[in-house]
Every structure is written in C-alpha cells, then in structure tokens.
>>> print(open('work-v5.pdb').read())   # PDB, N, CA and C atoms
ATOM      1  N   MET F1188     -93.561 172.170 288.085
ATOM      2  CA  MET F1188     -92.915 171.726 286.861
ATOM      3  C   MET F1188     -91.721 170.861 287.236
ATOM      4  N   ASP F1189     -91.721 169.637 286.786
ATOM      5  CA  ASP F1189     -90.604 168.727 287.017
ATOM      6  C   ASP F1189     -89.632 168.831 285.857
ATOM      7  N   VAL F1190     -88.381 169.113 286.199
ATOM      8  CA  VAL F1190     -87.317 169.170 285.201
ATOM      9  C   VAL F1190     -86.413 167.975 285.428
ATOM     10  N   THR F1191     -86.105 167.272 284.363
ATOM     11  CA  THR F1191     -85.193 166.137 284.421
ATOM     12  C   THR F1191     -83.893 166.540 283.731
ATOM     13  N   TYR F1192     -82.782 166.287 284.400
ATOM     14  CA  TYR F1192     -81.465 166.578 283.836
ATOM     15  C   TYR F1192     -80.750 165.249 283.604
ATOM     16  N   ARG F1193     -80.060 165.168 282.489
ATOM     17  CA  ARG F1193     -79.289 163.954 282.209
ATOM     18  C   ARG F1193     -78.151 164.282 281.259
ATOM     19  N   LEU F1194     -77.165 163.393 281.253
ATOM     20  CA  LEU F1194     -76.084 163.531 280.288
ATOM     21  C   LEU F1194     -76.593 163.239 278.891
ATOM     22  N   PHE F1195     -76.074 163.959 277.949
ATOM     23  CA  PHE F1195     -76.360 163.768 276.538
ATOM     24  C   PHE F1195     -75.893 162.384 276.124
ATOM     25  N   GLU F1196     -76.684 161.734 275.291
ATOM     26  CA  GLU F1196     -76.289 160.450 274.718
ATOM     27  C   GLU F1196     -76.003 160.667 273.244
ATOM     28  N   ASP F1197     -75.051 159.954 272.738
ATOM     29  CA  ASP F1197     -74.686 160.094 271.328
ATOM     30  C   ASP F1197     -75.728 159.386 270.478
ATOM     31  N   SER F1198     -76.868 160.055 270.309
ATOM     32  CA  SER F1198     -77.955 159.464 269.534
ATOM     33  C   SER F1198     -78.556 160.530 268.631
ATOM     34  N   SER F1199     -79.175 160.106 267.565
ATOM     35  CA  SER F1199     -79.778 161.080 266.655
ATOM     36  C   SER F1199     -80.892 161.849 267.356
ATOM     37  N   TYR F1200     -81.608 161.220 268.300
ATOM     38  CA  TYR F1200     -82.661 161.916 269.036
ATOM     39  C   TYR F1200     -82.081 163.071 269.846
ATOM     40  N   ASP F1201     -80.999 162.823 270.586
ATOM     41  CA  ASP F1201     -80.407 163.881 271.405
ATOM     42  C   ASP F1201     -79.829 164.993 270.541
ATOM     43  N   HIS F1202     -79.156 164.638 269.460
ATOM     44  CA  HIS F1202     -78.634 165.667 268.562
ATOM     45  C   HIS F1202     -79.784 166.524 268.018
ATOM     46  N   GLN F1203     -80.832 165.888 267.553
ATOM     47  CA  GLN F1203     -81.970 166.613 266.988
ATOM     48  C   GLN F1203     -82.621 167.516 268.031
ATOM     49  N   SER F1204     -82.741 167.051 269.266
ATOM     50  CA  SER F1204     -83.394 167.858 270.294
ATOM     51  C   SER F1204     -82.586 169.112 270.616
ATOM     52  N   VAL F1205     -81.262 169.023 270.609
ATOM     53  CA  VAL F1205     -80.421 170.202 270.850
ATOM     54  C   VAL F1205     -80.562 171.183 269.685
ATOM     55  N   VAL F1206     -80.583 170.671 268.475
ATOM     56  CA  VAL F1206     -80.757 171.531 267.296
ATOM     57  C   VAL F1206     -82.106 172.256 267.370
ATOM     58  N   GLU F1207     -83.149 171.566 267.784
ATOM     59  CA  GLU F1207     -84.469 172.193 267.879
ATOM     60  C   GLU F1207     -84.488 173.328 268.893
ATOM     61  N   VAL F1208     -83.817 173.153 270.032
ATOM     62  CA  VAL F1208     -83.746 174.231 271.022
ATOM     63  C   VAL F1208     -82.963 175.407 270.448
ATOM     64  N   ALA F1209     -81.843 175.132 269.804
ATOM     65  CA  ALA F1209     -81.032 176.203 269.209
ATOM     66  C   ALA F1209     -81.829 176.982 268.166
ATOM     67  N   LYS F1210     -82.589 176.281 267.344
ATOM     68  CA  LYS F1210     -83.392 176.937 266.299
ATOM     69  C   LYS F1210     -84.542 177.751 266.899
ATOM     70  N   ALA F1211     -85.073 177.310 268.046
ATOM     71  CA  ALA F1211     -86.123 178.086 268.713
ATOM     72  C   ALA F1211     -85.561 179.413 269.233
ATOM     73  N   ILE F1212     -84.293 179.395 269.622
ATOM     74  CA  ILE F1212     -83.647 180.603 270.131
ATOM     75  C   ILE F1212     -83.249 181.515 268.975
ATOM     76  N   ARG F1213     -82.619 180.931 267.969
ATOM     77  CA  ARG F1213     -82.162 181.693 266.792
ATOM     78  C   ARG F1213     -82.523 180.903 265.537
ATOM     79  N   PRO F1214     -83.641 181.225 264.926
ATOM     80  CA  PRO F1214     -84.078 180.468 263.739
ATOM     81  C   PRO F1214     -83.062 180.449 262.599
ATOM     82  N   ASP F1215     -82.199 181.453 262.536
ATOM     83  CA  ASP F1215     -81.205 181.501 261.460
ATOM     84  C   ASP F1215     -79.902 180.809 261.823
ATOM     85  N   ASP F1216     -79.854 180.165 262.986
ATOM     86  CA  ASP F1216     -78.638 179.457 263.424
ATOM     87  C   ASP F1216     -78.294 178.375 262.411
ATOM     88  N   LEU F1217     -77.034 178.248 262.102
ATOM     89  CA  LEU F1217     -76.582 177.265 261.109
ATOM     90  C   LEU F1217     -76.347 175.878 261.696
ATOM     91  N   ILE F1218     -76.621 175.691 262.971
ATOM     92  CA  ILE F1218     -76.416 174.398 263.610
ATOM     93  C   ILE F1218     -77.264 173.325 262.919
ATOM     94  N   SER F1219     -76.679 172.137 262.808
ATOM     95  CA  SER F1219     -77.394 171.001 262.214
ATOM     96  C   SER F1219     -76.991 169.736 262.963
ATOM     97  N   VAL F1220     -77.794 168.715 262.812
ATOM     98  CA  VAL F1220     -77.464 167.426 263.430
ATOM     99  C   VAL F1220     -76.119 166.938 262.906
ATOM    100  N   GLU F1221     -75.930 167.022 261.599
ATOM    101  CA  GLU F1221     -74.676 166.559 261.000
ATOM    102  C   GLU F1221     -73.491 167.375 261.526
ATOM    103  N   GLY F1222     -73.677 168.670 261.655
ATOM    104  CA  GLY F1222     -72.614 169.529 262.179
ATOM    105  C   GLY F1222     -72.246 169.185 263.613
ATOM    106  N   MET F1223     -73.259 168.894 264.441
ATOM    107  CA  MET F1223     -72.985 168.496 265.831
ATOM    108  C   MET F1223     -72.226 167.175 265.885
ATOM    109  N   ILE F1224     -72.646 166.240 265.066
ATOM    110  CA  ILE F1224     -71.973 164.933 265.039
ATOM    111  C   ILE F1224     -70.521 165.107 264.616
ATOM    112  N   ASP F1225     -70.284 165.922 263.584
ATOM    113  CA  ASP F1225     -68.918 166.189 263.125
ATOM    114  C   ASP F1225     -68.087 166.853 264.214
ATOM    115  N   TRP F1226     -68.680 167.844 264.916
ATOM    116  CA  TRP F1226     -67.977 168.553 265.998
ATOM    117  C   TRP F1226     -67.589 167.576 267.103
ATOM    118  N   ASP F1227     -68.534 166.739 267.517
ATOM    119  CA  ASP F1227     -68.260 165.766 268.575
ATOM    120  C   ASP F1227     -67.146 164.808 268.155
ATOM    121  N   ALA F1228     -67.179 164.368 266.913
ATOM    122  CA  ALA F1228     -66.152 163.445 266.408
ATOM    123  C   ALA F1228     -64.790 164.136 266.358
ATOM    124  N   MET F1229     -64.764 165.398 265.945
ATOM    125  CA  MET F1229     -63.507 166.137 265.879
ATOM    126  C   MET F1229     -62.899 166.290 267.273
ATOM    127  N   GLN F1230     -63.737 166.548 268.256
ATOM    128  CA  GLN F1230     -63.215 166.684 269.611
ATOM    129  C   GLN F1230     -62.691 165.360 270.142
ATOM    130  N   ALA F1231     -63.415 164.291 269.876
ATOM    131  CA  ALA F1231     -62.962 162.971 270.322
ATOM    132  C   ALA F1231     -61.639 162.612 269.660
ATOM    133  N   LYS F1232     -61.521 162.868 268.359
ATOM    134  CA  LYS F1232     -60.290 162.561 267.625
ATOM    135  C   LYS F1232     -59.111 163.362 268.172
ATOM    136  N   ALA F1233     -59.375 164.599 268.594
ATOM    137  CA  ALA F1233     -58.317 165.452 269.147
ATOM    138  C   ALA F1233     -58.023 165.130 270.613
ATOM    139  N   GLY F1234     -58.809 164.216 271.207
ATOM    140  CA  GLY F1234     -58.601 163.842 272.604
ATOM    141  C   GLY F1234     -59.021 164.931 273.580
ATOM    142  N   ARG F1235     -59.982 165.755 273.177
ATOM    143  CA  ARG F1235     -60.431 166.864 274.015
ATOM    144  C   ARG F1235     -61.657 166.476 274.825
ATOM    145  N   ILE F1236     -61.766 167.065 275.994
ATOM    146  CA  ILE F1236     -62.916 166.838 276.866
ATOM    147  C   ILE F1236     -64.105 167.604 276.314
ATOM    148  N   HIS F1237     -65.262 166.966 276.362
ATOM    149  CA  HIS F1237     -66.491 167.557 275.821
ATOM    150  C   HIS F1237     -67.667 166.835 276.467
ATOM    151  N   ARG F1238     -68.462 167.558 277.253
ATOM    152  CA  ARG F1238     -69.627 166.953 277.909
ATOM    153  C   ARG F1238     -70.836 167.851 277.691
ATOM    154  N   ARG F1239     -71.969 167.236 277.448
ATOM    155  CA  ARG F1239     -73.206 167.983 277.219
ATOM    156  C   ARG F1239     -74.292 167.420 278.137
ATOM    157  N   TRP F1240     -75.073 168.319 278.714
ATOM    158  CA  TRP F1240     -76.208 167.960 279.565
ATOM    159  C   TRP F1240     -77.486 168.423 278.888
ATOM    160  N   LEU F1241     -78.572 167.706 279.148
ATOM    161  CA  LEU F1241     -79.880 168.089 278.633
ATOM    162  C   LEU F1241     -80.857 168.267 279.783
ATOM    163  N   ALA F1242     -81.796 169.184 279.593
ATOM    164  CA  ALA F1242     -82.899 169.384 280.532
ATOM    165  C   ALA F1242     -84.192 169.085 279.790
ATOM    166  N   SER F1243     -85.075 168.323 280.419
ATOM    167  CA  SER F1243     -86.345 167.957 279.797
ATOM    168  C   SER F1243     -87.496 168.269 280.733
ATOM    169  N   VAL F1244     -88.612 168.652 280.138
ATOM    170  CA  VAL F1244     -89.862 168.850 280.849
ATOM    171  C   VAL F1244     -90.904 168.005 280.131
ATOM    172  N   GLU F1245     -91.547 167.120 280.884
ATOM    173  CA  GLU F1245     -92.559 166.219 280.311
ATOM    174  C   GLU F1245     -92.027 165.463 279.095
ATOM    175  N   GLY F1246     -90.767 165.035 279.172
ATOM    176  CA  GLY F1246     -90.153 164.232 278.124
ATOM    177  C   GLY F1246     -89.639 165.009 276.928
ATOM    178  N   ARG F1247     -89.799 166.330 276.931
ATOM    179  CA  ARG F1247     -89.346 167.157 275.801
ATOM    180  C   ARG F1247     -88.099 167.930 276.216
ATOM    181  N   THR F1248     -87.061 167.869 275.405
ATOM    182  CA  THR F1248     -85.835 168.609 275.691
ATOM    183  C   THR F1248     -86.111 170.100 275.575
ATOM    184  N   VAL F1249     -85.786 170.839 276.651
ATOM    185  CA  VAL F1249     -86.020 172.282 276.677
ATOM    186  C   VAL F1249     -84.736 173.074 276.912
ATOM    187  N   GLY F1250     -83.629 172.371 277.119
ATOM    188  CA  GLY F1250     -82.376 173.079 277.340
ATOM    189  C   GLY F1250     -81.182 172.166 277.194
ATOM    190  N   SER F1251     -80.035 172.811 277.015
ATOM    191  CA  SER F1251     -78.781 172.089 276.830
ATOM    192  C   SER F1251     -77.642 172.931 277.379
ATOM    193  N   ALA F1252     -76.667 172.267 277.919
ATOM    194  CA  ALA F1252     -75.439 172.936 278.348
ATOM    195  C   ALA F1252     -74.269 172.048 277.972
ATOM    196  N   VAL F1253     -73.200 172.667 277.534
ATOM    197  CA  VAL F1253     -72.021 171.921 277.106
ATOM    198  C   VAL F1253     -70.773 172.640 277.595
ATOM    199  N   TYR F1254     -69.758 171.865 277.918
ATOM    200  CA  TYR F1254     -68.445 172.433 278.210
ATOM    201  C   TYR F1254     -67.401 171.565 277.532
ATOM    202  N   GLY F1255     -66.272 172.153 277.250
ATOM    203  CA  GLY F1255     -65.221 171.369 276.620
ATOM    204  C   GLY F1255     -64.005 172.189 276.264
ATOM    205  N   GLN F1256     -63.121 171.521 275.563
ATOM    206  CA  GLN F1256     -61.884 172.121 275.082
ATOM    207  C   GLN F1256     -61.951 172.155 273.564
ATOM    208  N   SER F1257     -61.731 173.317 273.013
ATOM    209  CA  SER F1257     -61.777 173.454 271.570
ATOM    210  C   SER F1257     -60.598 172.720 270.930
ATOM    211  N   PRO F1258     -60.849 171.997 269.830
ATOM    212  CA  PRO F1258     -59.763 171.256 269.184
ATOM    213  C   PRO F1258     -58.653 172.141 268.631
ATOM    214  N   TRP F1259     -58.941 173.386 268.332
ATOM    215  CA  TRP F1259     -57.922 174.237 267.716
ATOM    216  C   TRP F1259     -57.314 175.261 268.659
ATOM    217  N   LEU F1260     -57.691 175.234 269.940
ATOM    218  CA  LEU F1260     -57.080 176.124 270.931
ATOM    219  C   LEU F1260     -56.260 175.313 271.928
ATOM    220  N   ASP F1261     -55.425 175.994 272.656
ATOM    221  CA  ASP F1261     -54.654 175.370 273.722
ATOM    222  C   ASP F1261     -55.620 174.654 274.671
ATOM    223  N   PRO F1262     -55.283 173.447 275.146
ATOM    224  CA  PRO F1262     -56.199 172.703 276.025
ATOM    225  C   PRO F1262     -56.508 173.408 277.348
ATOM    226  N   ASP F1263     -55.752 174.446 277.691
ATOM    227  CA  ASP F1263     -56.047 175.205 278.910
ATOM    228  C   ASP F1263     -57.273 176.099 278.739
ATOM    229  N   TYR F1264     -57.720 176.317 277.501
ATOM    230  CA  TYR F1264     -58.901 177.133 277.243
ATOM    231  C   TYR F1264     -60.136 176.246 277.183
ATOM    232  N   TRP F1265     -61.160 176.629 277.910
ATOM    233  CA  TRP F1265     -62.401 175.873 277.965
ATOM    234  C   TRP F1265     -63.558 176.752 277.499
ATOM    235  N   TYR F1266     -64.596 176.145 277.004
ATOM    236  CA  TYR F1266     -65.800 176.891 276.650
ATOM    237  C   TYR F1266     -66.991 176.287 277.382
ATOM    238  N   VAL F1267     -67.995 177.124 277.599
ATOM    239  CA  VAL F1267     -69.256 176.709 278.196
ATOM    240  C   VAL F1267     -70.374 177.377 277.399
ATOM    241  N   ASN F1268     -71.403 176.631 277.085
ATOM    242  CA  ASN F1268     -72.562 177.182 276.386
ATOM    243  C   ASN F1268     -73.810 176.584 277.017
ATOM    244  N   THR F1269     -74.716 177.450 277.439
ATOM    245  CA  THR F1269     -75.985 177.015 278.019
ATOM    246  C   THR F1269     -77.109 177.663 277.240
ATOM    247  N   MET F1270     -78.124 176.893 276.887
ATOM    248  CA  MET F1270     -79.276 177.463 276.188
ATOM    249  C   MET F1270     -80.556 176.818 276.700
ATOM    250  N   VAL F1271     -81.602 177.659 276.790
ATOM    251  CA  VAL F1271     -82.910 177.211 277.253
ATOM    252  C   VAL F1271     -83.950 177.724 276.261
ATOM    253  N   HIS F1272     -84.855 176.853 275.877
ATOM    254  CA  HIS F1272     -85.934 177.217 274.951
ATOM    255  C   HIS F1272     -86.650 178.459 275.489
ATOM    256  N   PRO F1273     -86.964 179.428 274.624
ATOM    257  CA  PRO F1273     -87.614 180.661 275.077
ATOM    258  C   PRO F1273     -88.901 180.442 275.885
ATOM    259  N   ASP F1274     -89.647 179.390 275.596
ATOM    260  CA  ASP F1274     -90.891 179.115 276.323
ATOM    261  C   ASP F1274     -90.652 178.615 277.747
ATOM    262  N   HIS F1275     -89.405 178.309 278.090
ATOM    263  CA  HIS F1275     -89.107 177.727 279.403
ATOM    264  C   HIS F1275     -88.101 178.544 280.209
ATOM    265  N   ARG F1276     -87.837 179.737 279.793
ATOM    266  CA  ARG F1276     -86.887 180.588 280.506
ATOM    267  C   ARG F1276     -87.506 181.149 281.782
ATOM    268  N   GLY F1277     -86.626 181.542 282.701
ATOM    269  CA  GLY F1277     -87.079 182.152 283.948
ATOM    270  C   GLY F1277     -87.584 181.163 284.975
ATOM    271  N   ARG F1278     -87.262 179.905 284.798
ATOM    272  CA  ARG F1278     -87.732 178.858 285.715
ATOM    273  C   ARG F1278     -86.587 178.122 286.403
ATOM    274  N   GLY F1279     -85.378 178.618 286.233
ATOM    275  CA  GLY F1279     -84.225 178.000 286.881
ATOM    276  C   GLY F1279     -83.586 176.867 286.100
ATOM    277  N   ILE F1280     -84.044 176.607 284.896
ATOM    278  CA  ILE F1280     -83.510 175.499 284.096
ATOM    279  C   ILE F1280     -82.065 175.784 283.687
ATOM    280  N   GLY F1281     -81.781 176.991 283.245
ATOM    281  CA  GLY F1281     -80.413 177.353 282.878
ATOM    282  C   GLY F1281     -79.466 177.226 284.063
ATOM    283  N   ARG F1282     -79.922 177.666 285.223
ATOM    284  CA  ARG F1282     -79.108 177.539 286.443
ATOM    285  C   ARG F1282     -78.852 176.070 286.756
ATOM    286  N   GLY F1283     -79.892 175.236 286.627
ATOM    287  CA  GLY F1283     -79.724 173.804 286.873
ATOM    288  C   GLY F1283     -78.739 173.169 285.911
ATOM    289  N   LEU F1284     -78.796 173.553 284.651
ATOM    290  CA  LEU F1284     -77.843 173.039 283.671
ATOM    291  C   LEU F1284     -76.427 173.497 283.992
ATOM    292  N   PHE F1285     -76.281 174.783 284.304
ATOM    293  CA  PHE F1285     -74.949 175.305 284.605
ATOM    294  C   PHE F1285     -74.357 174.646 285.839
ATOM    295  N   GLU F1286     -75.174 174.398 286.858
ATOM    296  CA  GLU F1286     -74.681 173.723 288.064
ATOM    297  C   GLU F1286     -74.154 172.328 287.740
ATOM    298  N   ARG F1287     -74.802 171.632 286.850
ATOM    299  CA  ARG F1287     -74.327 170.301 286.448
ATOM    300  C   ARG F1287     -73.032 170.380 285.665
ATOM    301  N   VAL F1288     -72.952 171.346 284.779
ATOM    302  CA  VAL F1288     -71.716 171.550 284.018
ATOM    303  C   VAL F1288     -70.570 171.886 284.965
ATOM    304  N   GLU F1289     -70.833 172.801 285.884
ATOM    305  CA  GLU F1289     -69.790 173.219 286.834
ATOM    306  C   GLU F1289     -69.301 172.041 287.679
ATOM    307  N   ALA F1290     -70.234 171.251 288.196
ATOM    308  CA  ALA F1290     -69.847 170.097 289.034
ATOM    309  C   ALA F1290     -69.113 169.051 288.205
ATOM    310  N   SER F1291     -69.563 168.816 286.982
ATOM    311  CA  SER F1291     -68.936 167.828 286.119
ATOM    312  C   SER F1291     -67.530 168.256 285.712
ATOM    313  N   ALA F1292     -67.362 169.531 285.409
ATOM    314  CA  ALA F1292     -66.050 170.034 284.989
ATOM    315  C   ALA F1292     -65.049 170.065 286.134
ATOM    316  N   ALA F1293     -65.556 170.224 287.337
ATOM    317  CA  ALA F1293     -64.651 170.277 288.504
ATOM    318  C   ALA F1293     -63.978 168.935 288.697
TER     319      ALA F1293
END
>>> encode(input="work-v5.pdb", output="structure tokens")
Amino acid sequence: MDVTYRLFEDSSYDHQSVVEVAKAIRPDDLISVEGMIDWDAMQAKAGRIHRRWLASVEGRTVGSAVYGQSPWLDPDYWYVNTMVHPDHRGRGIGRGLFERVEASAA
C-alpha cells in the first residue's frame, strides 16, 4: 500500500476530504467545510501558526493531522489532532502523519 503525504492546500477539495474522514470516524461530528474555512481564517487573522497534513491512498484522502495555536489561548499552548479513516487504521498512517507534524512543528 502506497501512502502519499502532503501539506494541506486551501481548497474546497482538501476541506471536503478532511470533513469526510472526520464523518467516517464520528458520523455525528459537527465539522463542516464552512466551519473549517472559518477556523483557518480566524487563526490567520489572529496570526497563529496552523499547519495541516493529509495522507492519501490511491488518490483518496484517508487521514489528516493538524497542529497549531488556538486563537483564544496563550500562544505557548499548542494543539495536535491526528485522524485516520477507520478502514485504513493499523497501517502506520497515523504514525506517518504525526511524524510530519512533529518535524514541521520543530
């Protein structure tokens, strides 16, 4: 299985693919494309660091990892969130995403 990792691009396709993975994990999740776009804009406006990575298998996004500084907390506080589609867990994809986040944040 070939996994491709890349930085998230600010595009409706990338936003939608992250939402689809989140919904596969928790169907009742309130995440939406519009909500992600608003969150990203709020962080940019606040001057906070925010980076997201995607993992794809055969051109389909199967995972996402993000790190950043929350706009409403002290900038010394950071968050990390990694998620992998349930059909692709146990294959090292989450570890690969986390390694990229860790290296990027360093």
>>> residues_around(input="work-v5.pdb", residues="segment 1289-1293 of chain F", least_positions_apart="6", cutoff="12 Å", atoms="only C-alpha atoms", output="NGL selection string")
:F and (1193-1194 or 1236-1240 or 1252-1256 or 1265-1269 or 1282-1283)
>>> atom_distance(input="work-v5.pdb", atom1="atom CA of Gly1250 of chain F", atom2="atom CA of Gln1230 of chain F")
21.6 Å
>>> closest_residue(input="work-v5.pdb", among="F:Ser1219, F:Ser1204, F:Ser1257, F:Thr1191", to="Ala1242 of chain F", atoms="all atoms listed in the file")
F:Thr1191
>>> resolve_selection(input="work-v5.pdb", expression="the PyMOL selection byres (((chain F and resi 1278 and name CA) around 12) and name CA)", output="ChimeraX atom specification")
/F:1188-1190,1242,1244,1249-1250,1271-1277,1279-1284
>>> select_by_dssp(input="work-v5.pdb", residues="chain F", states="alpha helix (DSSP H)", output="number ranges by chain")
F: 1199-1212, 1220-1232, 1280-1292
>>> atom_distance(input="work-v5.pdb", atom1="atom C of Glu1221 of chain F", atom2="atom N of Ser1243 of chain F")
22.2 Å
>>> closest_residue(input="work-v5.pdb", among="F:Phe1195, F:Val1288, F:Val1208, F:Lys1232", to="Thr1248 of chain F", atoms="all atoms listed in the file")
F:Val1208
>>> axis_aligned_box(input="work-v5.pdb", around="segment 1206-1225 of chain F", padding_each_side="3 Å", output="JSON")
{"center_x": -77.1, "center_y": 173.3, "center_z": 266.0, "size_x": 24.0, "size_y": 22.8, "size_z": 16.0}
>>> select_by_dssp(input="work-v5.pdb", residues="chain F", states="strand (DSSP E or B)", output="NGL selection string")
:F and (1190-1194 or 1237-1244 or 1247-1256 or 1265-1271)
>>> residues_around(input="work-v5.pdb", residues="Gly1222 of chain F", least_positions_apart="4", cutoff="12 Å", atoms="only C-alpha atoms", output="PyMOL selection string")
chain F and resi 1199+1202-1203+1205-1206+1216-1218+1226-1229
>>> atom_distance(input="work-v5.pdb", atom1="atom CA of Met1270 of chain F", atom2="atom CA of Ser1251 of chain F")
5.4 Å
